[in-house]
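Source file: query.txt; contents: compact mmCIF, C-alpha atoms.
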# COMPACT_ATOMS: atom_id res chain seq x y z
CA MET C 1 31.51 -14.81 -21.80
CA PRO C 2 28.59 -17.26 -21.52
CA THR C 3 25.43 -16.52 -23.41
CA LYS C 4 22.19 -15.79 -21.61
CA SER C 5 20.80 -19.22 -22.48
CA ALA C 6 23.93 -21.11 -21.40
CA ALA C 7 23.64 -22.56 -17.93
CA ARG C 8 26.45 -21.69 -15.56
CA ALA C 9 28.19 -24.79 -14.33
CA SER C 10 28.24 -25.01 -10.57
CA LYS C 11 30.00 -27.36 -8.24
CA PRO C 12 27.88 -29.60 -6.03
CA SER C 13 27.11 -28.02 -2.68
CA VAL C 14 28.22 -29.55 0.59
CA THR C 15 25.16 -27.97 2.26
CA PRO C 16 22.41 -27.91 -0.37
CA VAL C 17 19.57 -27.39 2.12
CA ARG C 18 21.31 -24.39 3.71
CA ASP C 19 22.14 -22.98 0.29
CA ALA C 20 18.53 -23.34 -0.86
CA ALA C 21 17.32 -21.72 2.38
CA ASP C 22 19.79 -18.85 1.89
CA ALA C 23 18.49 -18.32 -1.64
CA LEU C 24 14.94 -18.42 -0.30
CA VAL C 25 15.63 -15.79 2.38
CA ARG C 26 17.23 -13.48 -0.21
CA ALA C 27 14.27 -13.86 -2.58
CA ALA C 28 11.80 -13.30 0.27
CA ASN C 29 13.70 -10.26 1.49
CA GLU C 30 13.75 -8.70 -1.99
CA SER C 31 10.06 -9.40 -2.55
CA CYS C 32 9.19 -7.68 0.74
CA HIS C 33 11.49 -4.77 -0.13
CA GLN C 34 9.84 -4.26 -3.52
CA HIS C 35 6.35 -4.44 -2.01
CA GLY C 36 7.40 -1.72 0.43
CA ARG C 37 8.67 0.31 -2.50
CA LEU C 38 5.33 -0.10 -4.27
CA THR C 39 3.50 1.07 -1.16
CA ARG C 40 5.71 4.18 -0.95
CA ILE C 41 5.16 4.90 -4.66
CA LEU C 42 1.40 4.61 -4.22
CA GLY C 43 1.65 7.22 -1.46
CA HIS C 44 3.22 9.68 -3.90
CA GLY C 45 0.29 9.54 -6.30
CA LEU C 46 2.53 9.15 -9.33
CA ASP C 47 1.38 8.48 -12.86
CA ASP C 48 0.22 5.09 -14.09
CA LEU C 49 3.28 4.54 -16.31
CA GLU C 50 5.76 4.75 -13.42
CA LEU C 51 3.50 2.75 -11.16
CA GLU C 52 3.12 0.04 -13.77
CA GLY C 53 6.92 -0.28 -14.03
CA VAL C 54 7.29 -0.69 -10.28
CA ALA C 55 4.44 -3.22 -10.27
CA GLU C 56 6.25 -5.29 -12.91
CA VAL C 57 9.36 -5.42 -10.70
CA VAL C 58 7.19 -6.54 -7.77
CA GLU C 59 5.65 -9.30 -9.86
CA LEU C 60 9.08 -10.47 -11.02
CA CYS C 61 10.31 -10.63 -7.40
CA ASP C 62 7.20 -12.59 -6.42
CA ARG C 63 7.83 -15.10 -9.22
CA LEU C 64 11.45 -15.48 -8.08
CA LEU C 65 10.23 -16.05 -4.53
CA ALA C 66 7.83 -18.75 -5.73
CA SER C 67 10.70 -20.43 -7.61
CA ALA C 68 13.00 -20.26 -4.57
CA THR C 69 10.20 -21.71 -2.43
CA THR C 70 9.83 -24.66 -4.78
CA ARG C 71 13.61 -25.15 -4.93
CA TYR C 72 13.84 -25.24 -1.13
CA GLU C 73 10.95 -27.70 -0.92
CA GLU C 74 12.60 -30.03 -3.43
CA THR C 75 16.02 -29.75 -1.79
CA ALA C 76 14.79 -30.23 1.79
CA LYS C 77 12.39 -33.11 1.15
CA ASP C 78 15.02 -35.66 2.24
CA GLY C 79 15.80 -33.93 5.53
CA PRO C 80 18.20 -31.35 6.91
CA GLY C 81 21.47 -32.91 5.84
CA LYS C 82 24.24 -31.03 7.66
CA VAL C 83 22.01 -28.13 8.73
CA PRO C 84 21.82 -27.59 12.53
CA ASP C 85 18.40 -28.13 14.10
CA ASP C 86 17.73 -24.46 14.91
CA LEU C 87 18.54 -23.37 11.36
CA TRP C 88 16.51 -26.27 9.93
CA HIS C 89 13.45 -25.17 11.91
CA ALA C 90 13.91 -21.51 10.93
CA ALA C 91 14.37 -22.49 7.28
CA ASN C 92 11.20 -24.59 7.35
CA ALA C 93 9.26 -21.74 8.97
CA LEU C 94 10.56 -19.45 6.22
CA TRP C 95 9.53 -22.00 3.60
CA MET C 96 6.01 -22.30 5.06
CA ALA C 97 5.61 -18.51 5.25
CA SER C 98 6.90 -18.15 1.67
CA ARG C 99 4.55 -20.84 0.44
CA GLU C 100 1.57 -19.20 2.16
CA TYR C 101 2.52 -15.76 0.86
CA SER C 102 2.90 -17.10 -2.69
CA ARG C 103 -0.46 -18.87 -2.42
CA ARG C 104 -2.18 -15.68 -1.26
CA ASN C 105 -0.40 -13.64 -3.87
CA THR C 106 -1.40 -15.87 -6.79
CA GLN C 107 -5.05 -15.95 -5.69
CA ASN C 108 -5.30 -12.31 -6.69
CA ASP C 109 -4.82 -10.94 -10.17
CA GLY C 110 -1.34 -9.60 -10.80
CA ILE C 111 -0.74 -6.00 -9.75
CA ALA C 112 0.15 -4.92 -13.29
CA SER C 113 -3.04 -6.42 -14.72
CA ARG C 114 -5.05 -4.59 -12.06
CA LEU C 115 -3.37 -1.38 -13.05
CA ARG C 116 -4.26 -1.96 -16.69
CA LYS C 117 -7.89 -2.51 -15.70
CA HIS C 118 -8.27 0.15 -13.02
CA GLY C 119 -5.41 2.65 -12.97
CA ALA C 120 -3.48 4.02 -10.00
CA GLU C 121 -6.34 5.83 -8.28
CA GLN C 122 -8.66 2.83 -8.33
CA LEU C 123 -5.90 0.52 -7.07
CA ASN C 124 -5.98 2.31 -3.73
CA SER C 125 -9.65 1.45 -3.35
CA ILE C 126 -9.01 -2.29 -3.86
CA SER C 127 -7.22 -2.51 -0.51
CA VAL C 128 -9.60 -5.04 1.00
CA GLU C 129 -8.29 -7.74 -1.34
CA TYR C 130 -4.79 -7.18 -0.03
CA GLU C 131 -5.53 -7.80 3.67
CA LEU C 132 -4.79 -11.52 3.66
CA GLU C 133 -1.83 -11.03 1.38
CA THR C 134 -0.50 -8.30 3.68
CA SER C 135 -0.91 -10.56 6.69
CA ALA C 136 0.99 -13.32 4.89
CA ARG C 137 3.74 -10.80 4.01
CA MET C 138 4.03 -9.80 7.66
CA ALA C 139 4.47 -13.47 8.64
CA LEU C 140 7.08 -13.77 5.89
CA LYS C 141 8.99 -10.78 7.28
CA GLN C 142 8.98 -12.36 10.73
CA SER C 143 10.34 -15.60 9.29
CA ILE C 144 13.02 -13.69 7.41
CA GLY C 145 14.07 -12.02 10.66
CA ALA C 146 14.18 -15.33 12.54
CA TYR C 147 16.29 -16.98 9.83
CA LEU C 148 18.67 -14.04 9.53
CA ALA C 149 19.10 -13.92 13.32
CA LEU C 150 20.67 -17.38 13.02
CA ARG C 151 22.42 -16.81 9.70
CA PRO C 152 23.04 -13.10 9.04
CA GLU C 153 25.63 -13.89 6.39
CA ALA C 154 22.87 -15.29 4.16
CA VAL C 155 22.02 -11.82 2.92
Rewrite the structure from the file as structure tokens, please.
Amino acid sequence: MPTKSAARASKPSVTPVRDAADALVRAANESCHQHGRLTRILGHGLDDLELEGVAEVVELCDRLLASATTRYEETAKDGPGKVPDDLWHAANALWMASREYSRRNTQNDGIASRLRKHGAEQLNSISVEYELETSARMALKQSIGAYLALRPEAV
């Protein structure tokens, strides 16, 4: 069994752009899912300890999304390769929405650090700061839907 630090050897991909886009859509989908979970948890008025744990998962998913966004950008910089035009355009729209969401998300303090400063009750009153981030997340969800309409097997 490989150790955690050992990199798993992988064979070269025949469709690296599509594979990077598939990874990006999965990361984006999970990030959106976890943000929805956080919203539902906030509605329950649970204690700060549980909320902080959920916020850490959200932040991890957002970091993974940022990494997948960068990976797609690096992979796609030389063009679509063997990716059909419609999928190429949907993948690029997903990349742009992911990049914008990540930019908006990193402009704000992390959720967990806000919780440490303010607590669960005060977090609800900071909602104004989330408006642009929420708008970017909605655009991301639309891009996820458009990509998955063309490539449902990516999930």
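Minimum atom-to-atom distance to Lys77 of chain C, evaluated using all atoms listed in the file, belongs to C:Val17 out of C:Val17, C:Thr134, C:Gly145, C:Arg63.
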### Message
Calculated over all atoms listed in the file, which of the candidates C:Ala154, C:Val14, C:Ala139, C:Ala23 has the smallest distance to Ser67 of chain C?
### Response
C:Ala23
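Closest approach to Arg99 of chain C among C:Leu87, C:Leu51, C:His44, C:Ala28 is made by C:Ala28 (distances from only C-alpha atoms).
The nearest approach to Trp95 of chain C among the residues C:Ile41, C:Val57, C:Ala146, C:Ala68, with all atoms listed in the file taken into account, belongs to C:Ala68.
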### Task
Counting only C-alpha atoms, note down every residue that has an atom within 12 Å of the point (-0.6, -11.0, 6.7) (file coordinates), as an NGL selection string.
:C and (32 or 97-98 or 100-102 or 104-105 or 129-142)
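Reported to one decimal place, the separation of atom CA of Tyr72 of chain C from atom CA of Ala21 of chain C is 6.1 Å.
Of the residues under consideration (C:Glu50, C:Arg26, C:Val83, C:Pro16), C:Arg26 shows the shortest atom-to-atom contact distance to Pro152 of chain C when counting all atoms listed in the file.
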### Task
Skip Tyr147 of chain C itself and residues of its chain fewer than 2 positions away, then list as a VMD selection string all residues within 8 Å of it, counting all atoms listed in the file.
chain C and resid 25 87 90 to 91 94 143 to 145 149 to 152
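Our summary of the geometry notes that atom CA of Ala27 of chain C is positioned 22.6 Å from atom CA of Leu42 of chain C.
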### Summary
Here atom CA of Leu38 of chain C and atom CA of Thr106 of chain C stand apart by 17.3 Å
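With only C-alpha atoms as the atoms that count, the residue of C:Glu59, C:Asp19, C:Glu73, C:Asp78 with the shortest distance to His35 of chain C is C:Glu59.
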For segment 130-141 of chain C, supply all heavy atoms and format the output as an mmCIF file, keeping the file's coordinate frame.
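Result file is out.cif:
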data_model
loop_
_atom_site.group_PDB
_atom_site.id
_atom_site.type_symbol
_atom_site.label_atom_id
_atom_site.label_comp_id
_atom_site.auth_asym_id
_atom_site.auth_seq_id
_atom_site.Cartn_x
_atom_site.Cartn_y
_atom_site.Cartn_z
ATOM 1 N N TYR C 130 -6.178 -7.008 -0.431
ATOM 2 C CA TYR C 130 -4.790 -7.180 -0.030
ATOM 3 C C TYR C 130 -4.625 -7.557 1.438
ATOM 4 O O TYR C 130 -3.513 -7.833 1.880
ATOM 5 C CB TYR C 130 -4.009 -5.884 -0.282
ATOM 6 C CG TYR C 130 -3.722 -5.634 -1.730
ATOM 7 C CD1 TYR C 130 -4.431 -4.672 -2.430
ATOM 8 C CD2 TYR C 130 -2.738 -6.352 -2.390
ATOM 9 C CE1 TYR C 130 -4.169 -4.437 -3.764
ATOM 10 C CE2 TYR C 130 -2.474 -6.130 -3.714
ATOM 11 C CZ TYR C 130 -3.193 -5.166 -4.407
ATOM 12 O OH TYR C 130 -2.937 -4.933 -5.716
ATOM 13 N N GLU C 131 -5.684 -7.564 2.231
ATOM 14 C CA GLU C 131 -5.530 -7.800 3.670
ATOM 15 C C GLU C 131 -4.894 -9.141 3.985
ATOM 16 O O GLU C 131 -3.957 -9.211 4.785
ATOM 17 C CB GLU C 131 -6.872 -7.635 4.379
ATOM 18 C CG GLU C 131 -7.301 -6.183 4.454
ATOM 19 C CD GLU C 131 -8.604 -5.985 5.197
ATOM 20 O OE1 GLU C 131 -9.002 -6.889 5.963
ATOM 21 O OE2 GLU C 131 -9.206 -4.921 5.024
ATOM 22 N N LEU C 132 -5.367 -10.213 3.396
ATOM 23 C CA LEU C 132 -4.790 -11.520 3.660
ATOM 24 C C LEU C 132 -3.367 -11.612 3.108
ATOM 25 O O LEU C 132 -2.485 -12.202 3.738
ATOM 26 C CB LEU C 132 -5.664 -12.631 3.083
ATOM 27 C CG LEU C 132 -6.975 -12.849 3.812
ATOM 28 C CD1 LEU C 132 -7.830 -13.868 3.066
ATOM 29 C CD2 LEU C 132 -6.748 -13.284 5.239
ATOM 30 N N GLU C 133 -3.172 -11.036 1.954
ATOM 31 C CA GLU C 133 -1.830 -11.030 1.380
ATOM 32 C C GLU C 133 -0.868 -10.233 2.260
ATOM 33 O O GLU C 133 0.267 -10.642 2.489
ATOM 34 C CB GLU C 133 -1.872 -10.432 -0.030
ATOM 35 C CG GLU C 133 -0.564 -10.503 -0.766
ATOM 36 C CD GLU C 133 -0.669 -9.955 -2.171
ATOM 37 O OE1 GLU C 133 -1.738 -10.052 -2.803
ATOM 38 O OE2 GLU C 133 0.348 -9.401 -2.632
ATOM 39 N N THR C 134 -1.329 -9.126 2.796
ATOM 40 C CA THR C 134 -0.500 -8.300 3.680
ATOM 41 C C THR C 134 -0.173 -9.058 4.952
ATOM 42 O O THR C 134 0.962 -9.023 5.439
ATOM 43 C CB THR C 134 -1.224 -6.980 3.991
ATOM 44 O OG1 THR C 134 -1.439 -6.285 2.765
ATOM 45 C CG2 THR C 134 -0.399 -6.113 4.917
ATOM 46 N N SER C 135 -1.140 -9.763 5.494
ATOM 47 C CA SER C 135 -0.910 -10.560 6.690
ATOM 48 C C SER C 135 0.127 -11.651 6.409
ATOM 49 O O SER C 135 1.033 -11.895 7.226
ATOM 50 C CB SER C 135 -2.222 -11.191 7.146
ATOM 51 O OG SER C 135 -2.015 -12.023 8.239
ATOM 52 N N ALA C 136 0.022 -12.296 5.269
ATOM 53 C CA ALA C 136 0.990 -13.320 4.890
ATOM 54 C C ALA C 136 2.383 -12.707 4.707
ATOM 55 O O ALA C 136 3.393 -13.329 5.049
ATOM 56 C CB ALA C 136 0.542 -14.029 3.616
ATOM 57 N N ARG C 137 2.446 -11.484 4.169
ATOM 58 C CA ARG C 137 3.740 -10.800 4.010
ATOM 59 C C ARG C 137 4.350 -10.465 5.351
ATOM 60 O O ARG C 137 5.567 -10.573 5.542
ATOM 61 C CB ARG C 137 3.599 -9.548 3.147
ATOM 62 C CG ARG C 137 4.944 -8.976 2.747
ATOM 63 C CD ARG C 137 4.873 -7.814 1.773
ATOM 64 N NE ARG C 137 3.939 -8.039 0.694
ATOM 65 C CZ ARG C 137 2.781 -7.377 0.558
ATOM 66 N NH1 ARG C 137 2.437 -6.441 1.403
ATOM 67 N NH2 ARG C 137 1.989 -7.646 -0.450
ATOM 68 N N MET C 138 3.518 -10.091 6.318
ATOM 69 C CA MET C 138 4.030 -9.800 7.660
ATOM 70 C C MET C 138 4.617 -11.067 8.295
ATOM 71 O O MET C 138 5.685 -11.025 8.918
ATOM 72 C CB MET C 138 2.920 -9.219 8.531
ATOM 73 C CG MET C 138 2.560 -7.791 8.152
ATOM 74 S SD MET C 138 1.113 -7.124 9.018
ATOM 75 C CE MET C 138 1.541 -7.384 10.712
ATOM 76 N N ALA C 139 3.951 -12.195 8.127
ATOM 77 C CA ALA C 139 4.470 -13.470 8.640
ATOM 78 C C ALA C 139 5.776 -13.816 7.935
ATOM 79 O O ALA C 139 6.715 -14.334 8.558
ATOM 80 C CB ALA C 139 3.438 -14.567 8.442
ATOM 81 N N LEU C 140 5.850 -13.520 6.652
ATOM 82 C CA LEU C 140 7.080 -13.770 5.890
ATOM 83 C C LEU C 140 8.220 -12.921 6.436
ATOM 84 O O LEU C 140 9.334 -13.415 6.639
ATOM 85 C CB LEU C 140 6.829 -13.480 4.408
ATOM 86 C CG LEU C 140 8.001 -13.715 3.462
ATOM 87 C CD1 LEU C 140 8.497 -15.154 3.539
ATOM 88 C CD2 LEU C 140 7.581 -13.371 2.028
ATOM 89 N N LYS C 141 7.954 -11.654 6.717
ATOM 90 C CA LYS C 141 8.990 -10.780 7.280
ATOM 91 C C LYS C 141 9.484 -11.305 8.622
ATOM 92 O O LYS C 141 10.681 -11.248 8.919
ATOM 93 C CB LYS C 141 8.458 -9.351 7.428
ATOM 94 C CG LYS C 141 8.331 -8.609 6.120
ATOM 95 C CD LYS C 141 7.792 -7.210 6.374
ATOM 96 C CE LYS C 141 7.607 -6.452 5.080
ATOM 97 N NZ LYS C 141 7.108 -5.086 5.317
#
